[in-house]
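A.B. asks: Below you'll find data.cif; it's mmCIF, C-alpha atoms and all ligand atoms.
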data_query
loop_
_atom_site.label_atom_id
_atom_site.label_comp_id
_atom_site.auth_asym_id
_atom_site.auth_seq_id
_atom_site.Cartn_x
_atom_site.Cartn_y
_atom_site.Cartn_z
CA MET A 13 0.00 0.00 0.00
CA GLN A 14 1.14 3.57 0.60
CA TYR A 15 -0.80 5.69 -1.83
CA PHE A 16 -3.53 5.62 0.74
CA LYS A 17 -3.35 9.25 1.77
CA LEU A 18 -4.38 10.34 -1.68
CA PHE A 19 -7.25 7.94 -1.66
CA VAL A 20 -9.38 8.61 1.37
CA ALA A 21 -12.16 10.08 -0.73
CA SER A 22 -11.69 7.38 -3.31
CA ILE A 23 -12.24 4.57 -0.85
CA ILE A 24 -15.53 6.13 0.18
CA THR A 25 -16.54 6.26 -3.47
CA LEU A 26 -15.58 2.64 -3.85
CA ALA A 27 -17.81 1.62 -0.99
CA VAL A 28 -20.85 2.15 -3.18
CA MET A 29 -19.47 0.09 -6.04
CA SER A 30 -20.83 -3.39 -6.42
CA ALA A 31 -18.61 -6.42 -6.13
CA CYS A 32 -18.47 -8.94 -8.92
CA ALA A 33 -18.10 -12.55 -7.96
CA ALA A 34 -14.98 -14.11 -9.42
CA VAL A 35 -13.35 -16.23 -6.75
CA ASP A 36 -15.08 -18.59 -4.37
CA THR A 37 -13.93 -17.56 -0.93
CA ASN A 38 -14.60 -19.00 2.44
CA ASN A 39 -13.58 -18.09 5.93
CA SER A 40 -12.23 -21.46 6.96
CA GLN A 41 -9.37 -21.69 9.39
CA SER A 42 -5.93 -21.16 7.96
CA THR A 43 -3.96 -24.29 7.23
CA LEU A 44 -0.69 -22.37 7.53
CA PHE A 45 -1.08 -20.58 10.85
CA SER A 46 -2.24 -21.88 14.22
CA GLN A 47 -3.74 -18.57 15.37
CA PRO A 48 -5.73 -15.79 13.74
CA TRP A 49 -3.54 -12.73 13.24
CA ASN A 50 -3.75 -9.98 15.82
CA ASN A 51 -6.29 -7.58 14.35
CA GLY A 52 -5.94 -4.51 16.53
CA GLU A 53 -9.01 -5.24 18.67
CA ASN A 54 -6.90 -5.61 21.79
CA VAL A 55 -5.50 -2.20 22.71
CA ASN A 56 -2.65 -3.96 24.50
CA GLU A 57 -1.54 -6.18 21.65
CA PRO A 58 2.25 -6.22 21.22
CA ALA A 59 3.97 -4.31 18.41
CA PHE A 60 4.66 -7.57 16.58
CA HIS A 61 2.78 -10.84 16.22
CA VAL A 62 5.09 -13.66 15.20
CA GLN A 63 3.88 -17.01 13.90
CA GLN A 64 5.91 -19.78 12.36
CA ILE A 65 5.16 -21.76 9.24
CA ASP A 66 7.93 -24.10 10.31
CA ALA A 67 10.92 -23.81 12.63
CA ASN A 68 12.91 -21.96 9.94
CA THR A 69 10.18 -19.74 8.50
CA LEU A 70 8.63 -16.93 10.55
CA VAL A 71 5.89 -14.48 9.63
CA ILE A 72 5.73 -11.20 11.54
CA ARG A 73 2.84 -8.77 11.54
CA GLN A 74 3.27 -5.21 12.74
CA SER A 75 0.36 -4.29 14.97
CA LEU A 76 -2.55 -2.25 13.69
CA ARG A 77 -2.16 -0.37 16.95
CA THR A 78 1.13 1.01 15.58
CA THR A 79 0.10 1.56 11.94
CA PHE A 80 -3.06 1.13 9.87
CA GLU A 81 -0.82 -0.52 7.25
CA ALA A 82 -0.23 -3.51 9.58
CA PRO A 83 2.38 -4.91 7.18
CA PHE A 84 3.62 -8.48 7.17
CA MET A 85 7.33 -9.26 7.22
CA TYR A 86 9.07 -12.56 6.70
CA LEU A 87 12.18 -14.05 8.32
CA ILE A 88 13.56 -17.22 6.79
CA PHE A 89 16.57 -19.15 7.98
CA GLY A 90 19.17 -21.06 6.00
CA ASP A 91 22.26 -22.73 7.40
CA GLU A 92 24.44 -19.68 6.74
CA LYS A 93 22.15 -16.71 6.33
CA ALA A 94 18.81 -15.43 7.50
CA LEU A 95 16.74 -13.36 5.08
CA LEU A 96 14.42 -10.62 6.36
CA ILE A 97 11.88 -9.55 3.76
CA ASP A 98 10.67 -5.98 4.53
CA THR A 99 11.07 -3.86 7.64
CA GLY A 100 7.58 -2.39 8.07
CA VAL A 101 6.58 1.07 9.22
CA LYS A 102 8.94 3.13 11.37
CA GLY A 103 8.25 3.92 15.00
CA VAL A 104 8.64 0.44 16.49
CA ASN A 105 11.75 -1.56 17.32
CA LEU A 106 11.84 -4.26 14.66
CA ARG A 107 15.59 -4.73 15.16
CA ALA A 108 15.03 -5.88 18.76
CA GLU A 109 12.33 -8.34 17.66
CA ILE A 110 14.49 -9.79 14.91
CA ASP A 111 17.47 -10.06 17.26
CA VAL A 112 15.33 -12.08 19.69
CA GLN A 113 14.08 -14.37 16.94
CA ILE A 114 17.59 -14.97 15.58
CA LYS A 115 18.97 -15.60 19.08
CA ASN A 116 16.19 -18.13 19.74
CA TRP A 117 16.92 -19.87 16.44
CA LEU A 118 20.65 -20.04 17.17
CA THR A 119 19.95 -21.52 20.61
CA LYS A 120 17.53 -24.12 19.23
CA THR A 121 19.87 -25.14 16.45
CA GLY A 122 23.03 -25.05 18.58
CA ARG A 123 24.77 -22.52 16.35
CA ASP A 124 26.92 -19.53 17.19
CA THR A 125 26.39 -17.12 14.37
CA LEU A 126 24.34 -16.32 11.32
CA SER A 127 24.55 -13.42 8.91
CA LEU A 128 21.45 -11.39 8.13
CA ILE A 129 20.32 -10.08 4.74
CA VAL A 130 17.64 -7.38 4.88
CA MET A 131 15.76 -7.04 1.60
CA HIS A 132 12.49 -5.46 0.54
CA THR A 133 9.64 -6.42 -1.70
CA HIS A 134 9.75 -2.77 -2.75
CA GLY A 135 10.78 0.68 -1.62
CA HIS A 136 7.54 2.14 -0.24
CA GLY A 137 7.70 3.57 3.27
CA ASP A 138 5.60 0.84 4.88
CA HIS A 139 8.15 -1.78 3.80
CA ILE A 140 11.44 -0.04 4.59
CA GLY A 141 10.57 1.87 7.78
CA GLY A 142 12.71 -0.27 10.09
CA ASP A 143 15.87 -0.21 7.94
CA SER A 144 17.79 2.27 10.08
CA GLY A 145 17.67 -0.12 13.03
CA PHE A 146 19.80 -2.62 11.10
CA GLU A 147 22.46 -0.26 9.77
CA ASP A 148 24.86 -0.83 12.66
CA ARG A 149 24.00 -4.51 13.16
CA PRO A 150 27.07 -6.73 12.86
CA ASN A 151 27.22 -9.30 10.06
CA THR A 152 24.26 -7.67 8.32
CA VAL A 153 23.59 -6.33 4.82
CA VAL A 154 20.71 -3.94 4.16
CA ILE A 155 19.91 -3.93 0.45
CA GLY A 156 18.92 -0.62 -1.18
CA HIS A 157 15.54 0.25 -2.64
CA SER A 158 16.19 0.87 -6.34
CA PRO A 159 16.10 -1.74 -9.14
CA GLU A 160 19.82 -1.03 -9.66
CA GLU A 161 20.70 -1.73 -6.02
CA VAL A 162 18.55 -4.88 -5.89
CA SER A 163 20.04 -6.08 -9.20
CA ALA A 164 23.59 -5.40 -8.01
CA PHE A 165 23.16 -7.42 -4.83
CA PHE A 166 21.48 -10.44 -6.42
CA GLY A 167 23.48 -10.35 -9.65
CA ILE A 168 20.59 -9.55 -11.96
CA THR A 169 21.77 -8.34 -15.37
CA ASP A 170 18.40 -8.29 -17.11
CA TRP A 171 15.79 -6.58 -14.91
CA PRO A 172 12.88 -7.35 -14.77
CA THR A 173 12.73 -10.52 -16.88
CA GLN A 174 15.54 -12.44 -15.19
CA THR A 175 14.97 -14.47 -12.05
CA VAL A 176 17.91 -15.37 -9.83
CA ILE A 177 18.54 -18.02 -7.22
CA PHE A 178 20.08 -16.99 -3.89
CA ASP A 179 21.37 -19.60 -1.45
CA LEU A 180 20.88 -19.06 2.27
CA GLY A 181 22.80 -22.26 3.04
CA ASN A 182 20.97 -25.46 2.07
CA ARG A 183 17.95 -23.30 1.37
CA GLU A 184 17.44 -21.63 -1.99
CA ILE A 185 15.17 -18.72 -2.69
CA GLU A 186 14.46 -17.29 -6.12
CA LEU A 187 13.94 -13.61 -6.73
CA LEU A 188 11.34 -12.53 -9.32
CA PRO A 189 11.41 -8.87 -10.31
CA THR A 190 7.78 -7.70 -10.53
CA PRO A 191 7.68 -3.93 -11.15
CA GLY A 192 4.40 -2.10 -11.71
CA HIS A 193 3.30 -1.27 -8.17
CA HIS A 194 6.80 0.10 -7.57
CA ALA A 195 9.89 0.19 -9.79
CA SER A 196 11.94 -2.15 -7.59
CA HIS A 197 9.15 -4.55 -6.62
CA ALA A 198 10.28 -8.17 -6.42
CA MET A 199 8.71 -11.36 -5.15
CA VAL A 200 10.62 -14.09 -3.36
CA PHE A 201 9.93 -17.78 -3.95
CA ASP A 202 11.01 -20.09 -1.17
CA LYS A 203 11.58 -23.55 -2.60
CA THR A 204 11.52 -25.19 0.83
CA THR A 205 7.97 -24.19 1.75
CA GLY A 206 6.62 -23.55 -1.75
CA ILE A 207 5.60 -20.07 -0.66
CA LEU A 208 5.79 -17.08 -2.95
CA PHE A 209 6.24 -13.92 -0.88
CA SER A 210 4.32 -11.59 -3.13
CA GLY A 211 4.59 -8.15 -1.50
CA ASP A 212 2.08 -5.54 -2.63
CA VAL A 213 1.60 -6.96 -6.12
CA VAL A 214 -0.59 -9.84 -4.91
CA TYR A 215 -2.32 -9.73 -1.52
CA PRO A 216 -5.90 -9.74 -0.27
CA GLY A 217 -6.48 -6.01 -0.73
CA ARG A 218 -6.14 -3.07 -3.11
CA LEU A 219 -3.58 -3.84 -5.77
CA TYR A 220 -2.31 -0.37 -6.63
CA PHE A 221 -0.54 0.66 -9.81
CA GLN A 222 -0.38 3.93 -11.70
CA CYS A 223 -2.62 4.16 -14.76
CA SER A 224 0.46 4.52 -16.96
CA LYS A 225 2.04 1.40 -15.42
CA MET A 226 -0.73 -1.06 -16.26
CA GLN A 227 1.26 -2.83 -18.95
CA GLU A 228 4.27 -3.12 -16.67
CA PHE A 229 2.07 -4.49 -13.86
CA LYS A 230 0.35 -6.91 -16.28
CA SER A 231 3.67 -8.13 -17.64
CA SER A 232 4.83 -8.84 -14.10
CA ILE A 233 1.66 -10.81 -13.35
CA ASP A 234 2.11 -12.76 -16.61
CA ARG A 235 5.67 -13.68 -15.58
CA VAL A 236 4.45 -14.75 -12.14
CA HIS A 237 1.84 -16.94 -13.85
CA ILE A 238 4.51 -18.66 -15.93
CA PHE A 239 6.74 -19.04 -12.87
CA ALA A 240 3.91 -20.56 -10.80
CA ASN A 241 3.21 -23.04 -13.59
CA THR A 242 6.86 -24.05 -13.62
CA TYR A 243 7.45 -24.35 -9.90
CA ASN A 244 5.38 -25.94 -7.19
CA VAL A 245 3.95 -22.79 -5.61
CA ASN A 246 1.68 -23.64 -2.69
CA TRP A 247 0.60 -20.20 -1.47
CA LEU A 248 1.12 -16.50 -2.03
CA LEU A 249 1.77 -14.44 1.08
CA GLY A 250 1.70 -10.69 0.57
CA GLY A 251 2.32 -7.46 2.45
CA HIS A 252 -1.09 -6.62 3.93
CA ILE A 253 -4.67 -7.75 4.51
CA GLU A 254 -7.36 -5.25 3.51
CA MET A 255 -10.20 -7.55 2.48
CA LYS A 256 -12.77 -8.95 4.84
CA ALA A 257 -13.47 -12.67 4.92
CA GLN A 258 -16.82 -11.74 3.38
CA PRO A 259 -16.25 -11.80 -0.40
CA GLY A 260 -15.67 -8.43 -2.04
CA LYS A 261 -15.78 -6.44 1.20
CA THR A 262 -12.90 -4.24 2.33
CA PHE A 263 -11.89 -2.47 5.50
CA ASN A 264 -11.65 1.27 5.48
CA SER A 265 -7.91 1.81 5.19
CA GLN A 266 -7.66 3.77 8.40
CA GLN A 267 -9.48 1.29 10.60
CA THR A 268 -7.22 0.15 13.41
CA SER A 269 -9.42 -2.77 14.32
CA ARG A 270 -10.14 -5.36 11.69
CA SER A 271 -12.24 -8.15 13.08
CA GLY A 272 -13.27 -10.61 10.36
CA GLU A 273 -10.26 -10.27 8.10
CA HIS A 274 -9.54 -12.36 5.05
CA LEU A 275 -6.81 -14.94 5.50
CA LEU A 276 -3.30 -13.73 4.68
CA GLU A 277 -2.54 -16.58 2.31
CA LEU A 278 -3.93 -16.70 -1.22
CA PRO A 279 -4.10 -19.73 -3.53
CA VAL A 280 -2.14 -19.86 -6.79
CA SER A 281 -5.41 -19.59 -8.72
CA ILE A 282 -5.52 -15.92 -7.70
CA ILE A 283 -2.90 -15.19 -10.37
CA THR A 284 -5.21 -16.20 -13.21
CA GLU A 285 -8.03 -14.18 -11.61
CA ILE A 286 -5.83 -11.09 -11.64
CA GLN A 287 -4.79 -11.79 -15.24
CA ALA A 288 -8.44 -12.10 -16.26
CA GLY A 289 -9.30 -8.84 -14.53
CA LEU A 290 -6.50 -6.98 -16.26
CA SER A 291 -7.38 -8.45 -19.65
CA LYS A 292 -11.00 -7.38 -19.23
CA MET A 293 -9.85 -3.77 -18.96
CA ASP A 294 -8.68 -4.04 -22.55
CA GLY A 295 -6.05 -1.34 -22.16
CA ALA A 296 -8.37 1.07 -20.30
CA PRO A 297 -7.37 0.78 -16.63
CA ARG A 298 -10.12 1.24 -14.07
CA VAL A 299 -10.85 0.16 -10.53
CA VAL A 300 -12.55 -3.24 -10.42
CA GLU A 301 -13.51 -5.21 -7.33
CA PHE A 302 -13.21 -8.96 -7.00
CA ASP A 303 -13.97 -11.28 -4.10
CA GLU A 304 -10.40 -11.43 -2.80
CA PHE A 305 -8.71 -8.33 -4.24
CA ILE A 306 -9.36 -5.01 -5.95
CA LEU A 307 -7.46 -3.92 -9.03
CA PHE A 308 -6.74 -0.30 -8.18
CA PRO A 309 -5.09 1.69 -10.98
CA HIS A 310 -4.74 5.33 -10.05
CA PRO A 311 -3.54 8.57 -11.66
CA ALA A 312 -0.13 9.85 -10.56
CA ASP A 313 -2.00 12.89 -9.28
CA PRO A 314 -5.59 11.96 -8.39
CA ALA A 315 -6.52 15.50 -7.29
CA GLY A 316 -10.05 16.35 -8.39
CA MET A 317 -10.70 12.88 -9.80
CA SER A 318 -12.36 9.83 -8.36
CA PRO A 319 -12.42 6.12 -9.15
CA PRO A 320 -13.35 3.86 -10.76
CA ASN A 321 -12.71 5.48 -14.17
CA TRP A 322 -10.22 8.15 -13.17
CA CYS A 323 -7.47 6.72 -15.36
CA ASN A 324 -9.58 7.61 -18.37
CA ALA A 325 -10.78 10.98 -17.09
CA GLY A 326 -10.34 12.65 -20.45
CA VAL A 327 -12.50 10.06 -22.19
CA GLY A 328 -16.19 10.49 -21.52
CA HIS A 329 -15.63 11.57 -17.94
CA ASP A 330 -18.04 14.10 -16.47
ZN ZN B 401 2.53 -1.80 1.40
#
Could you render the structure as structure tokens?
Ligand SMILES: [Zn+2]

C.D. replies:
Amino acid sequence: MQYFKLFVASIITLAVMSACAAVDTNNSQSTLFSQPWNNGENVNEPAFHVQQIDANTLVIRQSLRTTFEAPFMYLIFGDEKALLIDTGVKGVNLRAEIDVQIKNWLTKTGRDTLSLIVMHTHGHGDHIGGDSGFEDRPNTVVIGHSPEEVSAFFGITDWPTQTVIFDLGNREIELLPTPGHHASHAMVFDKTTGILFSGDVVYPGRLYFQCSKMQEFKSSIDRVHIFANTYNVNWLLGGHIEMKAQPGKTFNSQQTSRSGEHLLELPVSIITEIQAGLSKMDGAPRVVEFDEFILFPHPADPAGMSPPNWCNAGVGHD
């Protein structure tokens, strides 16, 4: 997310739009997580809620009590390196939380040391806010936020069409550049769990991209589709939850309590749903709601315009 501030009026407009049924959703218990995510209802909830997918794969949610973005971050352990994907919104001590989690992992596995790589799905403020806490951390690399910096670290020579494998020590991840929402957006596929960490390009919420970036966004989704058909992707885990469990319903972005959220994880079939939605626009980007996500193209400067057809304001717009 992040364009939210420009969109307060837009979200209200959207509330009167009708949802079109495309994906069959249900509110069954997650098969990945043992607890529902903290949803801000408890005023005393801690700054971070950590759940594990397995002993080497942690998912961390920043509390809605600290930011309406409530972003999800991911910490995955290999034998030699840990990878932190995103650092959330500033104002909380993510470094301390990550240090505790790494210390616990080292104790459990009987190891002395582990290096830490801090990367980002993209460079928006709600995904890089905790970076400064890691700058002086020993044995740690914090990767920059531009396509050039991401490419340099991972050895990408052909952004965005090249994918690269990165070894954490007996655990390979593969980086998929997916610009469109943001120039440096990349997804991370973890071969061990079959999870595709999909950032803000695919998550149960408003999938934002500038009107002029629709083709770039669509090309990224098409590459993800091909990738998911090649590899055994089990789930997509993104950066936020903005949908309700009830199909097609969203939370107001500023709500700090979100009882009845959609699950975090999305099935691989969501990729073809997004493709179909983009194709239906036939080159004319507009806001369209689906059961589990909203395609949300927006003008670079939305002042004086409102969705859903604000990308095409000069064409038959009153
Ligand atoms: Zn975001």

A.B. asks: Quick one: contact table of chain A to ligand ZN 401 (chain B), 12 Å max, nearest atom pair and distance in Å to one decimal per residue, counting all atoms listed in the file, chain and number order, as a Markdown table?

C.D. replies:
| residue | atom | partner | partner_atom | distance |
| --- | --- | --- | --- | --- |
| A:Met13 | CA | B:ZN401 | ZN | 3.4 |
| A:Gln14 | CA | B:ZN401 | ZN | 5.6 |
| A:Tyr15 | CA | B:ZN401 | ZN | 8.8 |
| A:Phe16 | CA | B:ZN401 | ZN | 9.6 |
| A:Gln74 | CA | B:ZN401 | ZN | 11.9 |
| A:Thr79 | CA | B:ZN401 | ZN | 11.3 |
| A:Phe80 | CA | B:ZN401 | ZN | 10.6 |
| A:Glu81 | CA | B:ZN401 | ZN | 6.9 |
| A:Ala82 | CA | B:ZN401 | ZN | 8.8 |
| A:Pro83 | CA | B:ZN401 | ZN | 6.6 |
| A:Phe84 | CA | B:ZN401 | ZN | 8.9 |
| A:Met85 | CA | B:ZN401 | ZN | 10.6 |
| A:Asp98 | CA | B:ZN401 | ZN | 9.7 |
| A:Thr99 | CA | B:ZN401 | ZN | 10.8 |
| A:Gly100 | CA | B:ZN401 | ZN | 8.4 |
| A:Val101 | CA | B:ZN401 | ZN | 9.3 |
| A:His132 | CA | B:ZN401 | ZN | 10.6 |
| A:Thr133 | CA | B:ZN401 | ZN | 9.0 |
| A:His134 | CA | B:ZN401 | ZN | 8.4 |
| A:Gly135 | CA | B:ZN401 | ZN | 9.1 |
| A:His136 | CA | B:ZN401 | ZN | 6.6 |
| A:Gly137 | CA | B:ZN401 | ZN | 7.7 |
| A:Asp138 | CA | B:ZN401 | ZN | 5.3 |
| A:His139 | CA | B:ZN401 | ZN | 6.1 |
| A:Ile140 | CA | B:ZN401 | ZN | 9.6 |
| A:Gly141 | CA | B:ZN401 | ZN | 10.9 |
| A:His193 | CA | B:ZN401 | ZN | 9.6 |
| A:His194 | CA | B:ZN401 | ZN | 10.1 |
| A:His197 | CA | B:ZN401 | ZN | 10.8 |
| A:Ser210 | CA | B:ZN401 | ZN | 10.9 |
| A:Gly211 | CA | B:ZN401 | ZN | 7.3 |
| A:Asp212 | CA | B:ZN401 | ZN | 5.5 |
| A:Val213 | CA | B:ZN401 | ZN | 9.2 |
| A:Val214 | CA | B:ZN401 | ZN | 10.7 |
| A:Tyr215 | CA | B:ZN401 | ZN | 9.7 |
| A:Pro216 | CA | B:ZN401 | ZN | 11.7 |
| A:Gly217 | CA | B:ZN401 | ZN | 10.2 |
| A:Arg218 | CA | B:ZN401 | ZN | 9.9 |
| A:Leu219 | CA | B:ZN401 | ZN | 9.6 |
| A:Tyr220 | CA | B:ZN401 | ZN | 9.5 |
| A:Phe221 | CA | B:ZN401 | ZN | 11.9 |
| A:Gly250 | CA | B:ZN401 | ZN | 9.0 |
| A:Gly251 | CA | B:ZN401 | ZN | 5.8 |
| A:His252 | CA | B:ZN401 | ZN | 6.5 |
| A:Ile253 | CA | B:ZN401 | ZN | 9.8 |
| A:Glu254 | CA | B:ZN401 | ZN | 10.7 |
| A:Ser265 | CA | B:ZN401 | ZN | 11.7 |

A.B. asks: Hey, can you spit out that residue selection with C-alpha atoms as an mmCIF file, in the coordinates of the input?

C.D. replies:
data_model
loop_
_atom_site.group_PDB
_atom_site.id
_atom_site.type_symbol
_atom_site.label_atom_id
_atom_site.label_comp_id
_atom_site.auth_asym_id
_atom_site.auth_seq_id
_atom_site.Cartn_x
_atom_site.Cartn_y
_atom_site.Cartn_z
ATOM 1 C CA MET A 13 0.000 0.000 0.000
ATOM 2 C CA GLN A 14 1.140 3.570 0.600
ATOM 3 C CA TYR A 15 -0.800 5.690 -1.830
ATOM 4 C CA PHE A 16 -3.530 5.620 0.740
ATOM 5 C CA GLN A 74 3.270 -5.210 12.740
ATOM 6 C CA THR A 79 0.100 1.560 11.940
ATOM 7 C CA PHE A 80 -3.060 1.130 9.870
ATOM 8 C CA GLU A 81 -0.820 -0.520 7.250
ATOM 9 C CA ALA A 82 -0.230 -3.510 9.580
ATOM 10 C CA PRO A 83 2.380 -4.910 7.180
ATOM 11 C CA PHE A 84 3.620 -8.480 7.170
ATOM 12 C CA MET A 85 7.330 -9.260 7.220
ATOM 13 C CA ASP A 98 10.670 -5.980 4.530
ATOM 14 C CA THR A 99 11.070 -3.860 7.640
ATOM 15 C CA GLY A 100 7.580 -2.390 8.070
ATOM 16 C CA VAL A 101 6.580 1.070 9.220
ATOM 17 C CA HIS A 132 12.490 -5.460 0.540
ATOM 18 C CA THR A 133 9.640 -6.420 -1.700
ATOM 19 C CA HIS A 134 9.750 -2.770 -2.750
ATOM 20 C CA GLY A 135 10.780 0.680 -1.620
ATOM 21 C CA HIS A 136 7.540 2.140 -0.240
ATOM 22 C CA GLY A 137 7.700 3.570 3.270
ATOM 23 C CA ASP A 138 5.600 0.840 4.880
ATOM 24 C CA HIS A 139 8.150 -1.780 3.800
ATOM 25 C CA ILE A 140 11.440 -0.040 4.590
ATOM 26 C CA GLY A 141 10.570 1.870 7.780
ATOM 27 C CA HIS A 193 3.300 -1.270 -8.170
ATOM 28 C CA HIS A 194 6.800 0.100 -7.570
ATOM 29 C CA HIS A 197 9.150 -4.550 -6.620
ATOM 30 C CA SER A 210 4.320 -11.590 -3.130
ATOM 31 C CA GLY A 211 4.590 -8.150 -1.500
ATOM 32 C CA ASP A 212 2.080 -5.540 -2.630
ATOM 33 C CA VAL A 213 1.600 -6.960 -6.120
ATOM 34 C CA VAL A 214 -0.590 -9.840 -4.910
ATOM 35 C CA TYR A 215 -2.320 -9.730 -1.520
ATOM 36 C CA PRO A 216 -5.900 -9.740 -0.270
ATOM 37 C CA GLY A 217 -6.480 -6.010 -0.730
ATOM 38 C CA ARG A 218 -6.140 -3.070 -3.110
ATOM 39 C CA LEU A 219 -3.580 -3.840 -5.770
ATOM 40 C CA TYR A 220 -2.310 -0.370 -6.630
ATOM 41 C CA PHE A 221 -0.540 0.660 -9.810
ATOM 42 C CA GLY A 250 1.700 -10.690 0.570
ATOM 43 C CA GLY A 251 2.320 -7.460 2.450
ATOM 44 C CA HIS A 252 -1.090 -6.620 3.930
ATOM 45 C CA ILE A 253 -4.670 -7.750 4.510
ATOM 46 C CA GLU A 254 -7.360 -5.250 3.510
ATOM 47 C CA SER A 265 -7.910 1.810 5.190
#

A.B. asks: Please determine, counting only C-alpha atoms, which residue among A:Gly90, A:Pro309, A:Pro159, A:Pro58 has the shortest atom-to-atom distance to A:Leu76.

C.D. replies: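 Distance minimum relative to A:Leu76 lands on A:Pro58.
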
A.B. asks: Counting all atoms listed in the file, which residue out of A:Ile283, A:Leu307, A:Ala195, A:Gln222 sits closest to A:Asn324?

C.D. replies: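 Checking each of A:Ile283, A:Leu307, A:Ala195, A:Gln222 against A:Asn324, counting all atoms listed in the file, the winner is A:Gln222.
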
A.B. asks: Could you jot down the atom CA of A:Ala108 to atom CA of A:Phe89 separation for me, Å, one decimal place?

C.D. replies: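 Distance between the two atoms: 17.2 Å.
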
A.B. asks: Could you jot down the atom CA of A:Phe305 to atom CA of A:Ser291 separation for me, Å, one decimal place?

C.D. replies: 15.5 Å

A.B. asks: Using all atoms listed in the file, which residues sit within 9 Å of A:Ala67 once same-chain residues fewer than 2 positions away are excluded, as a compact mmCIF listing (two decimals) with C-alpha atoms, in the frame of the given file?

C.D. replies:
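Final output, out.txt:
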# COMPACT_ATOMS: atom_id res chain seq x y z
CA GLN A 64 5.91 -19.78 12.36
CA ILE A 65 5.16 -21.76 9.24
CA THR A 69 10.18 -19.74 8.50
CA LEU A 70 8.63 -16.93 10.55
CA PHE A 89 16.57 -19.15 7.98
CA TRP A 117 16.92 -19.87 16.44

A.B. asks: Any idea what the distance is between atom CA of A:Thr125 and atom CA of A:Leu87?

C.D. replies: 15.7 Å

A.B. asks: Using all atoms listed in the file, determine which residues lie at most 9 Å from A:Arg183, disregarding the query and same-chain residues fewer than 5 positions distant; provide the list as a PDB file with C-alpha atoms, keeping the file's coordinate frame.

C.D. replies:
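Saved to around20.pdb:
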ATOM      1  CA  PHE A  89      16.570 -19.150   7.980  1.00  0.00           C
ATOM      2  CA  GLY A  90      19.170 -21.060   6.000  1.00  0.00           C
ATOM      3  CA  ASP A  91      22.260 -22.730   7.400  1.00  0.00           C
ATOM      4  CA  PHE A 178      20.080 -16.990  -3.890  1.00  0.00           C
ATOM      5  CA  ASP A 202      11.010 -20.090  -1.170  1.00  0.00           C
ATOM      6  CA  LYS A 203      11.580 -23.550  -2.600  1.00  0.00           C
ATOM      7  CA  THR A 204      11.520 -25.190   0.830  1.00  0.00           C
TER       8      THR A 204
END

A.B. asks: Please write as a PyMOL selection string the list of polymer residues whose atoms come within 6 Å of (-2.1, -7.5, -14.4), counting only C-alpha atoms and keeping to the coordinates of the file.

C.D. replies: chain A and resi 229-230+233+286-287+290

A.B. asks: Store the residues of this selection in a file with C-alpha atoms, as a compact mmCIF listing (two decimals), in the frame of the given file.

C.D. replies:
# COMPACT_ATOMS: atom_id res chain seq x y z
CA PHE A 229 2.07 -4.49 -13.86
CA LYS A 230 0.35 -6.91 -16.28
CA ILE A 233 1.66 -10.81 -13.35
CA ILE A 286 -5.83 -11.09 -11.64
CA GLN A 287 -4.79 -11.79 -15.24
CA LEU A 290 -6.50 -6.98 -16.26

A.B. asks: Counting only C-alpha atoms, which residues come within 9 Å of (4.7, -8.3, 17.0), with the point read in the file's coordinates, and could you list them as a list of chain:residue names?

C.D. replies: A:Asn50, A:Glu57, A:Pro58, A:Ala59, A:Phe60, A:His61, A:Val62, A:Ile72, A:Arg73, A:Gln74, A:Ser75, A:Leu106, A:Glu109
